[in-house]
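Asker: Below is the structure I would like to discuss, written out as structure tokens.
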Amino acid sequence: MRQNRLSSTLERIAGWFHTRTRAQRDLIVISVVAIPAYLVLLAVDAFDLVYDWTRLHEDWQVDELVALLFTVGLAAIVYSWRRLADLRGEIGRRRVAEEEANRLARYDVLTGLANRRRFLEEVRGRIRNLPDGCCCALFVVDLYQFKPINDLYDHRLGDEVLRVVADRLTKLVDGQGIVARLGGDEFGILLPYQRNDDKAERLARRIINALPKPIALAALSLEIGVSIGVAIYDPEDERLNEFAQRDGGPVETVLRQADMAMYRAKTSGRGLYRFFDRDMDEALQQRVHLEREIKGAIANGEIVPYYQPLVDLASQETVGYEILARWQHPTRGLLMPELFIPIAEDTGTVGDLTYYLLARAVRDAKNRSPHTFLSLNLSPRQFADPVLVERILRILTEAGFPPQRLEIEITETAVMQRLEDAKVTLQSLRNLGIRIALDDFGTGYAGLHHLRELNFDTLKIDRSFITHMLDNPDEAKIVEAIVSLGHSFGLRTTAEGIEAREVLDRLMQLGCETGQGFLFGKPVAVVVPGEAIDRDPKDTRQIA
């Protein structure tokens, strides 16, 4: 029994010894062997003993040996102390490095604010330890008009703007809450307060008033806008607790609600704030359901391509079709793309959806006139897909569909969000013979150098300009300028949203080549043999 205990103890000591660093092992050996030996020599009358012994063994030259051992022992002690000092220094440096790594992992390097990870940790901690009668307001603050500052001037100037925004938010919160940079130009604020207090609304109003004030940098006066979404965590809200169980926790629920409120603020206008309410609650439930269903909907063919004619304005002949997605939901009926395309982007399924729609569309187009083309819009996130061009080419090749009959549409937003990715991807598509159209031109921040650098084939004028061009002189001037710009660059122009004959006549006078809109036909579905696809019962038009 005693032997086993001794053996186990020795094994633990050996295991512990092997887990030490090399420097630590050296120090342990020196301490265990050299130092005790030296101390023993000092503890006894070592000198007399050695002297008598060496007199008896003069022929061995033991005196030189003992002197050598004494010197080596002394050197070992000095060496061990030096190693110990080095080891302490290394431990200190590692501790500093670990602390710095921990800081960088939880704080934004640019602004010094907490980052998203740290912010969520703080939110979880505050929610768990809320005093009785208290709530938490979670703000999502989104900047607009920031991206053109970054693109038109300099990224360093954009960084300074973000620092100014961070400083302003920190001063507005004034130590009563936590401010974080969630990513890009989006900030978060956590504000604890007493129930039935209007503290959260007062802070939202102060941010709306203070943040857009001009920022003086590099002899420039820069202005930004802001949209704010606010969600309230109240531990007594039973409905919130139900969502928390479903969504994975109260933090995830409140953050999602704040995001939805912020999106509502953005779509309602500029410089607004919105609190999450019950209407958004229902929309959130619907979104959650669609998030769960969308992957299966793609696999089951519930999301199908609809086609809207593209017409040559001079000849009034159909020259192409834009591919538009529609979800034939089994219980909710026909869903429009604005309801599910953002969900597909957020859930990472937009690539699968795009490839499926393109494969269906080229199959539908087999019996169509070889002089017509298909137009497909790509999501901004797809330009980061390394196999995008390869997948598109494979779909076209398998269907025997010429690349020259495909036009890829990319919005100005996509260009500006992923400019470098867009350059590479669009050039690869052009090398295959695929045409490129810049969609919604005039609503974003694409400059003339982007038109020249990216070699577009078509400019599509956004419907917001076309709809009001007859009764708004400013809109008419914009349309005229875009058509003229397209001609000067050798690009075709396509007008979206043509619904009146008078608008068509004016566009023809300006020299716009192509148009689409309800005047020519609504999006319709093609019935493939063996399949029954619903379409608008009021629309009797079929694809030629």
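Chain labels run A, B, ... following the order of the structure tokens; each chain numbers its residues from 1, and ligands are numbered from 1 in the order shown.
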Hey, which bits of segment 427-497 of chain A sit within 10 Å of segment 306-316 of chain A, and for each residue what's the closest pair of atoms and how far apart in Å (one decimal), counting only C-alpha atoms, rows by chain and increasing number, as JSON lines?
Answerer:
```
{"residue": "A:Thr494", "atom": "CA", "partner": "A:Leu310", "partner_atom": "CA", "distance": 8.5}
{"residue": "A:Ala495", "atom": "CA", "partner": "A:Leu310", "partner_atom": "CA", "distance": 9.5}
{"residue": "A:Glu496", "atom": "CA", "partner": "A:Leu310", "partner_atom": "CA", "distance": 9.2}
```
Asker: As an NGL selection string, please: all residues of segment 283-419 of chain A that backbone DSSP puts in strand (DSSP E or B).
Answerer: :A and (303-312 or 317-329 or 333-335 or 373-377 or 406-411)
Asker: Rounded to one decimal, what separation in Å do you get between atom CA of Glu90 of chain A and atom CA of Val78 of chain A?
Answerer: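 Atom CA of Glu90 of chain A sits 18.4 Å away from atom CA of Val78 of chain A.
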Asker: Please compute the atom CA of Asp185 of chain A-atom CA of Leu162 of chain A distance, one decimal, in Å.
Answerer: 7.3 Å
Asker: Can you pull out the residues contacting segment 186-202 of chain A? Cut-off 7 Å, using only C-alpha atoms, and skip same-chain residues under 3 positions away; I want them as a VMD selection string.
Answerer: chain A and resid 123 133 to 143 176 to 183 205 to 206
Asker: For Leu339 of chain A, which of A:Leu74, A:Asp364, A:Leu284, A:Asn115 is the closest residue, counting only C-alpha atoms?
Answerer: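 Distance minimum relative to Leu339 of chain A lands on A:Leu284.
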Asker: Rounded to one decimal place, report the atom CA of Glu409 of chain A-atom CA of Ile323 of chain A distance in Å.
Answerer: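 Rounded to one decimal, the two atoms are 10.3 Å apart.
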Asker: Restricting the calculation to only C-alpha atoms: of A:Leu211, A:Ala344, A:Leu324, A:Leu272, which residue gets closest to Leu374 of chain A?
Answerer: A:Leu324
Asker: Would you please work out which residue, of A:Thr347, A:Thr253, A:Thr354, A:Ser488, is nearest to Ala325 of chain A when using only C-alpha atoms?
Answerer: A:Thr354
Asker: Using only C-alpha atoms for the distances, tell me which of A:Val164, A:Leu432, A:Leu459, A:Ala359 is nearest to Leu113 of chain A.
Answerer: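 Of A:Val164, A:Leu432, A:Leu459, A:Ala359, the one nearest Leu113 of chain A, counting only C-alpha atoms, is A:Val164.
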